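File shown: structure.txt. Contents: compact mmCIF, C-alpha atoms.
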# COMPACT_ATOMS: atom_id res chain seq x y z
CA MET A 1 19.02 -16.01 -13.46
CA ARG A 2 18.76 -13.04 -15.77
CA LEU A 3 15.92 -10.85 -14.45
CA VAL A 4 13.87 -7.87 -15.54
CA PHE A 5 12.29 -6.30 -12.46
CA ALA A 6 8.92 -4.51 -12.61
CA GLY A 7 7.74 -2.10 -9.92
CA THR A 8 6.78 1.50 -9.32
CA PRO A 9 6.28 2.86 -5.74
CA ALA A 10 8.68 3.15 -2.82
CA ALA A 11 7.41 -0.16 -1.39
CA ALA A 12 8.98 -1.95 -4.38
CA VAL A 13 12.46 -0.46 -3.88
CA PRO A 14 13.55 -2.88 -1.09
CA SER A 15 12.85 -5.78 -3.46
CA LEU A 16 14.94 -4.21 -6.22
CA ASP A 17 17.75 -3.60 -3.74
CA ALA A 18 17.60 -7.19 -2.50
CA LEU A 19 17.75 -8.56 -6.05
CA LEU A 20 20.71 -6.31 -6.84
CA ARG A 21 22.52 -7.81 -3.83
CA SER A 22 21.61 -11.37 -4.84
CA ARG A 23 23.47 -13.74 -7.15
CA HIS A 24 20.97 -12.97 -9.93
CA GLU A 25 21.51 -10.41 -12.71
CA VAL A 26 19.03 -7.56 -12.94
CA ALA A 27 19.27 -6.68 -16.63
CA ALA A 28 16.64 -3.93 -16.72
CA VAL A 29 13.71 -2.42 -14.82
CA ILE A 30 10.12 -1.80 -15.93
CA THR A 31 8.13 0.97 -14.25
CA ARG A 32 5.15 3.22 -14.88
CA PRO A 33 5.71 6.39 -16.93
CA ASP A 34 6.77 9.56 -15.09
CA ALA A 35 3.80 11.17 -13.37
CA PRO A 36 2.91 14.23 -11.25
CA ALA A 37 3.96 13.81 -7.63
CA GLY A 38 4.39 15.81 -4.44
CA ARG A 39 2.75 19.02 -3.28
CA GLY A 40 3.65 20.86 -6.48
CA LEU A 41 2.50 17.94 -8.69
CA ARG A 42 5.69 18.17 -10.74
CA VAL A 43 6.24 15.34 -13.19
CA ALA A 44 8.84 13.01 -11.72
CA PRO A 45 10.17 9.47 -12.21
CA SER A 46 8.81 6.75 -9.95
CA PRO A 47 10.81 5.74 -6.85
CA VAL A 48 11.78 2.50 -8.62
CA ALA A 49 12.95 4.44 -11.70
CA GLN A 50 15.07 6.70 -9.53
CA ARG A 51 16.71 3.74 -7.77
CA ALA A 52 17.27 1.91 -11.06
CA GLU A 53 18.88 4.92 -12.68
CA SER A 54 21.19 5.40 -9.69
CA ALA A 55 22.27 1.76 -10.14
CA GLY A 56 22.95 2.30 -13.85
CA LEU A 57 20.13 0.04 -15.03
CA GLU A 58 18.13 0.39 -18.22
CA VAL A 59 14.64 1.67 -17.37
CA LEU A 60 11.66 0.79 -19.54
CA ARG A 61 8.53 2.94 -19.19
CA PRO A 62 5.87 1.49 -21.50
CA GLY A 63 2.54 3.26 -21.72
CA LYS A 64 1.03 -0.22 -21.66
CA PRO A 65 2.93 -3.44 -20.91
CA GLY A 66 1.57 -4.96 -24.12
CA ASP A 67 2.95 -2.25 -26.45
CA ALA A 68 4.77 -3.68 -29.48
CA ASP A 69 7.96 -1.64 -28.99
CA PHE A 70 8.19 -2.65 -25.35
CA LEU A 71 7.59 -6.32 -26.15
CA ALA A 72 10.31 -6.24 -28.79
CA ARG A 73 12.82 -4.80 -26.32
CA LEU A 74 11.84 -7.27 -23.59
CA ARG A 75 12.42 -10.16 -25.99
CA GLN A 76 15.84 -8.70 -26.91
CA ILE A 77 16.85 -8.64 -23.24
CA GLU A 78 15.84 -12.32 -22.91
CA PRO A 79 15.01 -12.47 -19.18
CA ASP A 80 14.69 -15.85 -17.52
CA CYS A 81 12.09 -14.43 -15.14
CA CYS A 82 10.37 -11.11 -14.38
CA PRO A 83 9.86 -10.48 -10.65
CA VAL A 84 7.22 -7.81 -10.06
CA VAL A 85 6.23 -5.74 -7.01
CA ALA A 86 3.39 -3.21 -7.14
CA TYR A 87 3.95 -2.39 -10.80
CA GLY A 88 0.50 -0.85 -11.19
CA ALA A 89 -0.77 -2.20 -14.52
CA LEU A 90 -2.24 -5.48 -15.75
CA ILE A 91 0.22 -7.62 -17.70
CA PRO A 92 -1.33 -9.16 -20.86
CA GLN A 93 -0.76 -12.82 -21.66
CA ARG A 94 1.58 -12.11 -24.60
CA THR A 95 3.86 -10.27 -22.18
CA LEU A 96 3.55 -12.91 -19.46
CA ASP A 97 4.72 -15.50 -22.02
CA VAL A 98 8.10 -13.83 -22.76
CA PRO A 99 10.29 -15.14 -19.89
CA PRO A 100 10.51 -18.95 -19.65
CA HIS A 101 9.94 -18.83 -15.87
CA GLY A 102 7.11 -16.32 -16.19
CA TRP A 103 6.40 -13.28 -14.04
CA VAL A 104 6.59 -13.77 -10.27
CA ASN A 105 4.64 -11.28 -8.18
CA LEU A 106 5.26 -10.28 -4.56
CA HIS A 107 1.86 -9.38 -3.11
CA PHE A 108 1.39 -7.92 0.36
CA SER A 109 -1.24 -10.31 1.73
CA LEU A 110 -1.72 -13.99 2.50
CA LEU A 111 -3.53 -15.04 -0.66
CA PRO A 112 -6.33 -15.70 -1.39
CA ALA A 113 -7.09 -12.97 1.15
CA TRP A 114 -7.05 -9.38 -0.13
CA ARG A 115 -6.50 -9.74 -3.85
CA GLY A 116 -6.18 -6.31 -5.42
CA ALA A 117 -4.47 -2.93 -5.21
CA ALA A 118 -4.72 -2.15 -1.47
CA PRO A 119 -4.23 -5.34 0.58
CA VAL A 120 -2.49 -3.66 3.52
CA GLN A 121 -5.16 -0.98 3.94
CA HIS A 122 -7.99 -3.51 3.81
CA ALA A 123 -6.34 -5.84 6.32
CA ILE A 124 -6.20 -2.97 8.83
CA LEU A 125 -9.71 -1.77 7.97
CA ARG A 126 -11.19 -5.20 8.70
CA GLY A 127 -9.22 -5.61 11.90
CA ASP A 128 -7.12 -8.62 10.87
CA ASP A 129 -4.59 -9.75 13.47
CA VAL A 130 -2.15 -11.29 10.99
CA THR A 131 -1.22 -10.59 7.38
CA GLY A 132 1.86 -11.29 5.30
CA ALA A 133 3.34 -11.42 1.82
CA THR A 134 3.04 -14.02 -0.94
CA THR A 135 5.09 -14.78 -4.04
CA PHE A 136 3.11 -16.32 -6.88
CA ARG A 137 3.17 -16.77 -10.65
CA LEU A 138 1.16 -14.11 -12.45
CA VAL A 139 -1.81 -15.34 -14.48
CA ALA A 140 -4.56 -13.50 -16.33
CA GLU A 141 -6.95 -13.59 -13.35
CA LEU A 142 -6.30 -10.98 -10.64
CA ASP A 143 -3.81 -12.27 -8.02
CA ALA A 144 -5.01 -15.85 -8.57
CA GLY A 145 -1.82 -17.62 -9.67
CA PRO A 146 -0.10 -20.54 -7.95
CA VAL A 147 1.96 -19.73 -4.85
CA PHE A 148 5.72 -20.16 -4.37
CA GLY A 149 6.08 -18.95 -0.78
CA VAL A 150 4.74 -16.80 2.07
CA VAL A 151 5.91 -14.83 5.09
CA THR A 152 3.60 -13.73 7.90
CA GLU A 153 3.47 -10.49 9.85
CA GLN A 154 1.56 -9.57 13.02
CA ILE A 155 -0.57 -6.43 12.74
CA LYS A 156 0.08 -4.22 15.77
CA PRO A 157 -2.78 -2.23 17.34
CA SER A 158 -0.99 1.02 16.52
CA ASP A 159 0.02 0.14 12.95
CA THR A 160 -0.73 2.56 10.15
CA ALA A 161 -0.78 1.28 6.58
CA GLY A 162 2.62 2.93 6.13
CA ASP A 163 4.10 1.16 9.17
CA LEU A 164 2.83 -2.25 8.12
CA LEU A 165 3.75 -1.86 4.47
CA GLY A 166 7.29 -0.88 5.46
CA ARG A 167 7.78 -4.13 7.38
CA LEU A 168 6.19 -6.23 4.63
CA ALA A 169 8.33 -4.55 1.97
CA ALA A 170 11.46 -5.58 3.88
CA SER A 171 10.47 -9.18 4.70
CA GLY A 172 8.85 -9.61 1.29
CA ALA A 173 12.05 -8.58 -0.45
CA GLU A 174 13.91 -11.47 1.15
CA LEU A 175 11.07 -13.82 0.23
CA LEU A 176 11.29 -12.68 -3.40
CA VAL A 177 15.03 -13.39 -3.55
CA ALA A 178 14.49 -16.81 -1.96
CA THR A 179 11.81 -17.50 -4.56
CA MET A 180 14.19 -16.59 -7.41
CA ASP A 181 16.82 -18.89 -5.85
CA GLY A 182 14.34 -21.76 -5.62
CA ILE A 183 13.10 -21.33 -9.18
CA GLU A 184 16.67 -21.30 -10.50
CA SER A 185 17.64 -24.45 -8.58
CA GLY A 186 14.45 -26.23 -9.56
CA GLU A 187 13.71 -26.96 -5.89
CA LEU A 188 10.66 -24.68 -5.70
CA THR A 189 7.33 -25.53 -7.29
CA ALA A 190 4.32 -23.24 -7.45
CA ARG A 191 1.21 -24.74 -5.87
CA PRO A 192 -2.44 -23.68 -6.25
CA GLN A 193 -3.60 -21.09 -3.75
CA PRO A 194 -5.01 -22.69 -0.58
CA GLU A 195 -8.71 -23.23 -0.31
CA GLY A 196 -10.39 -20.38 1.52
CA GLU A 197 -12.45 -17.26 1.26
CA VAL A 198 -11.34 -14.93 -1.53
CA THR A 199 -11.50 -11.31 -0.37
CA LEU A 200 -10.92 -8.30 -2.60
CA ALA A 201 -8.89 -5.18 -1.82
CA PRO A 202 -9.73 -2.46 -4.34
CA LYS A 203 -7.96 0.89 -4.28
CA VAL A 204 -8.90 2.99 -1.24
CA THR A 205 -10.51 6.21 -2.47
CA ALA A 206 -10.77 9.62 -0.82
CA GLU A 207 -14.41 8.89 -0.02
CA ASP A 208 -13.39 5.61 1.66
CA ALA A 209 -11.04 7.69 3.83
CA ARG A 210 -13.87 9.89 5.15
CA VAL A 211 -14.40 9.07 8.83
CA ARG A 212 -17.81 7.71 9.84
CA TRP A 213 -18.36 8.92 13.42
CA SER A 214 -21.43 6.64 13.64
CA GLU A 215 -19.07 3.64 13.70
CA PRO A 216 -17.61 2.22 16.95
CA ALA A 217 -14.40 3.81 18.19
CA ALA A 218 -12.26 0.79 17.23
CA ALA A 219 -13.56 0.88 13.64
CA VAL A 220 -13.03 4.64 13.39
CA SER A 221 -9.45 4.19 14.61
CA ARG A 222 -8.81 1.42 12.08
CA ARG A 223 -10.10 3.61 9.23
CA VAL A 224 -7.74 6.43 10.17
CA ARG A 225 -4.75 4.09 10.52
CA ALA A 226 -5.58 2.27 7.27
CA CYS A 227 -5.65 5.58 5.37
CA THR A 228 -2.36 6.87 6.83
CA PRO A 229 -0.31 8.10 5.04
CA ALA A 230 -2.48 7.82 1.91
CA PRO A 231 -5.05 8.83 0.88
CA GLY A 232 -5.31 10.45 4.32
CA ALA A 233 -8.30 10.16 6.66
CA TRP A 234 -10.52 13.23 6.93
CA THR A 235 -13.70 14.73 8.28
CA GLU A 236 -15.49 18.08 7.90
CA LEU A 237 -16.10 20.99 10.25
CA ASN A 238 -18.41 23.75 9.00
CA GLY A 239 -17.94 22.53 5.43
CA ALA A 240 -14.11 22.64 5.56
CA ARG A 241 -12.02 19.49 5.35
CA LEU A 242 -9.89 18.44 8.32
CA LYS A 243 -7.22 15.78 7.80
CA LEU A 244 -6.70 13.34 10.67
CA TRP A 245 -3.70 11.34 11.86
CA PRO A 246 -3.95 8.35 14.22
CA PHE A 247 -5.71 9.07 17.50
CA ALA A 248 -4.01 9.68 20.83
CA GLY A 249 -6.35 7.18 22.47
CA ILE A 250 -9.90 6.21 23.33
CA ALA A 251 -11.53 8.03 26.25
CA ALA A 252 -14.18 7.09 28.79
CA ASP A 253 -16.06 10.42 28.62
CA ASP A 254 -19.68 10.73 27.51
CA VAL A 255 -19.64 12.51 24.12
CA PRO A 256 -22.38 12.14 21.44
CA SER A 257 -21.45 10.65 18.07
CA GLY A 258 -19.74 13.23 15.84
CA ARG A 259 -19.60 15.87 18.59
CA LEU A 260 -16.24 17.66 18.98
CA CYS A 261 -15.42 18.99 22.42
CA VAL A 262 -12.41 20.07 24.46
CA ARG A 263 -11.85 18.56 27.91
CA GLY A 264 -8.76 20.12 29.46
CA SER A 265 -5.84 19.38 27.14
CA ARG A 266 -7.79 16.69 25.27
CA VAL A 267 -9.76 17.16 22.05
CA LEU A 268 -12.46 14.49 21.92
CA VAL A 269 -14.91 13.35 19.24
CA GLY A 270 -17.80 11.03 19.97
CA THR A 271 -18.35 7.75 18.12
CA ALA A 272 -20.97 5.02 18.37
CA THR A 273 -19.16 3.78 21.51
CA GLN A 274 -16.45 5.69 23.41
CA PRO A 275 -15.09 9.02 22.19
CA VAL A 276 -11.65 9.18 20.58
CA GLN A 277 -8.94 11.67 21.48
CA LEU A 278 -7.58 13.40 18.39
CA GLY A 279 -3.83 13.34 17.75
CA ASP A 280 -2.47 15.52 14.97
CA VAL A 281 -4.78 17.28 12.54
CA GLN A 282 -4.35 19.42 9.42
CA PRO A 283 -6.97 22.03 8.51
CA ASP A 284 -7.49 22.61 4.80
CA GLY A 285 -4.70 24.81 3.44
CA LYS A 286 -2.70 24.81 6.69
CA ARG A 287 0.11 22.83 8.27
CA ARG A 288 -0.14 19.68 10.36
CA MET A 289 -0.43 20.45 14.09
CA PRO A 290 -1.44 18.90 17.43
CA ALA A 291 -5.21 18.86 17.86
CA ALA A 292 -4.97 20.92 21.07
CA ASP A 293 -3.22 23.75 19.19
CA TRP A 294 -5.84 23.65 16.45
CA ALA A 295 -8.76 23.60 18.88
CA ARG A 296 -7.54 26.68 20.75
CA GLY A 297 -8.26 28.73 17.63
CA LEU A 298 -11.85 27.47 17.29
CA ARG A 299 -13.30 29.31 20.31
CA LEU A 300 -15.77 26.53 21.01
CA ASP A 301 -18.57 27.01 23.52
CA ALA A 302 -19.47 24.38 26.10
CA SER A 303 -21.52 22.36 23.58
CA GLY A 304 -18.57 22.02 21.19
CA ALA A 305 -19.14 21.51 17.44
CA VAL A 306 -20.29 18.76 15.08
CA LEU A 307 -17.99 16.96 12.66
CA GLY A 308 -19.39 15.40 9.52

If you convert what's in this file into C-alpha cells, what do you get?
Amino acid sequence: MRLVFAGTPAAAVPSLDALLRSRHEVAAVITRPDAPAGRGLRVAPSPVAQRAESAGLEVLRPGKPGDADFLARLRQIEPDCCPVVAYGALIPQRTLDVPPHGWVNLHFSLLPAWRGAAPVQHAILRGDDVTGATTFRLVAELDAGPVFGVVTEQIKPSDTAGDLLGRLAASGAELLVATMDGIESGELTARPQPEGEVTLAPKVTAEDARVRWSEPAAAVSRRVRACTPAPGAWTELNGARLKLWPFAGIAADDVPSGRLCVRGSRVLVGTATQPVQLGDVQPDGKRRMPAADWARGLRLDASGAVLG
C-alpha cells in the first residue's frame, strides 16, 4: 500500500523504520511543527521529522491537521492508508476520510484501558502487571475505534516509563506492519473494542510527578518510575526542588513519613509504610548525582530533614 505516516516523538521512530523496511511505500510523513527542545530550548525538528528527512521523505508539518493547504497536499499524495503513532493532535473527520483505508493508530495500551496521551505512565502508576499495544482505526471519539490487533507486554517491577515504552515501541512497530499487511490482503477486519472498563490516561503533569510521601512505599516507587524520564519525579527540601530517579530499594528501618535521614551509606525517606532508599537525585540547578554524595553536603543532624 501507499502510506503517509504520522508521528512525532522518538517512540514513533521504530514504527517508521519498520514501515520503511516493509513491502509498503511510505510516500510522506506528517509530524508536529518544529518546537523548542533540550536544555537550551532551541527550536528543532521532531525525532520523526529528523528520521524522515534522513530517509529522503517529504515531511508535512501542518499547524492543524485540518488545514486546507495540508488537506490539498494529502489528497495529491493519494495514500491508501495513514498509519499513526503518537502524532500529538486530534485528526478531524475531513482528514480521516482522505485515505480509503482510513487512519490506523498504534496505541501503547490494551484498549479500552488507558485511552489518552499517557497510557504507559498510567499503567505503571496504577500498578498494572500487564499492558501492551493496540492497532485500531481512528474515529472521532478518543481512542475508541475498532481494533485490528494487539500485542501484550509484562510490566517488570523495576520498569520506568522509558523502559516500558521502549519495548512497546519495538513490538508495536512489528504489529503495525502486520496490520498494514492484513489490511492490504483483505484478511484483517477491525472489530469493536472488547467490553470492559474504559480508563483514561491524560497527560502526566509536573504536579502529578510530585512525590506524595504520605502514600505507601510501593505507590511512591511507582510514581517515580512512571515519571521517569519525563516529566521527572520531584520533591522539595527547604523550598528547593529535588529531582528523583528510581529508588535503590525499600528498607525495613523506622522512619516517619516524609523524614529524610542518613543511615550509614543509605539515604532514606519515610513513607506511609516502609522507608525508601534514594537512588540518584538532582538538586535544582545542579547535576544528577548519587543520593549519598548529595546528602554529604547537607550536614544533617540526627533528626534529619523533612521533604515536602

Test item: which residues lie within 9 Å of (-12.0, 19.2, 22.6) counting all atoms listed in the file, as an MDAnalysis selection string: chainID A and resid 260:269 277:278 291:292 295:296 300 304

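Minimum atom-to-atom distances from A:Gln93, A:Gln282, A:Gln50, A:Ser15 to Leu71 (chain A) were compared using only C-alpha atoms, and the lowest value belongs to A:Gln93.
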
Each side padded by 4 Å, which centre and which edge lengths in Å (one decimal) define the axis-aligned box around the listed atoms of region 94-101 of chain A? Give them as AutoDock Vina command-line options.
--center_x 6.0 --center_y -14.6 --center_z -20.2 --size_x 16.9 --size_y 16.7 --size_z 16.7

Selection: 8 Å around Val204 (chain A), only C-alpha atoms, excl. self and same-chain fewer than 3 positions, as a PyMOL selection string: chain A and resi 118+121+208-209+227+231

Length of the CA of Ala248 (chain A) to CA of Gly232 (chain A) vector [Å]: 16.6 Å

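Our summary of the geometry notes that CA of Asp293 (chain A) is positioned 10.5 Å from CA of Gly279 (chain A).
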
9 Å contact set for Ala240 (chain A), all atoms listed in the file, chain neighbours under 5 positions out, as a PyMOL selection string: chain A and resi 235+283-284

Using all atoms listed in the file, what table do you get, as a tab-separated table, when you list each residue of region 56-89 of chain A with an atom no more than 10 Å from region 163-185 of chain A, its nearest pair of atoms, and their distance in Å rounded to one decimal, rows by chain then rising number?
residue	atom	partner	partner_atom	distance
A:Asp80	CA	A:Glu184	CA	9.1
A:Cys81	CA	A:Met180	CA	8.3
A:Cys82	CA	A:Met180	CA	9.7
A:Pro83	CA	A:Leu176	CA	7.7
A:Val84	CA	A:Leu176	CA	9.2
A:Val85	CA	A:Ala173	CA	9.2

Polymer residues at most 10 Å from region 141-150 of chain A, all atoms listed in the file, same-chain spacing of 2 or more positions, as a VMD selection string: chain A and resid 90 104 to 117 132 to 139 152 171 to 172 175 to 176 178 to 180 182 to 183 188 to 194 198 200

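Distance-wise, CA of Gly102 (chain A) and CA of Glu187 (chain A) end up 16.2 Å apart.
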
Please report as a Markdown table every residue of region 53-165 of chain A lying within 8 Å of region 214-222 of chain A, along with the nearest atom pair and their distance in Å (one decimal), using all atoms listed in the file.
| residue | atom | partner | partner_atom | distance |
| --- | --- | --- | --- | --- |
| A:Ile124 | CA | A:Arg222 | CA | 6.1 |
| A:Leu125 | CA | A:Arg222 | CA | 5.3 |
| A:Arg126 | CA | A:Arg222 | CA | 7.8 |
| A:Gly127 | CA | A:Arg222 | CA | 7.0 |

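Of the residues listed (A:Thr205, A:Pro99, A:His24, A:Arg223), A:Arg223 shows the shortest atom-to-atom separation from Ser158 (chain A); distances use all atoms listed in the file.
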
Close residues, Gln274 (chain A) itself excluded, 8 Å, only C-alpha atoms, min 2 positions apart in chain, as a list of chain:residue names: A:Pro216, A:Ala217, A:Ile250, A:Ala251, A:Ala252, A:Asp253, A:Asp254, A:Val255, A:Gly270, A:Thr271, A:Ala272, A:Val276
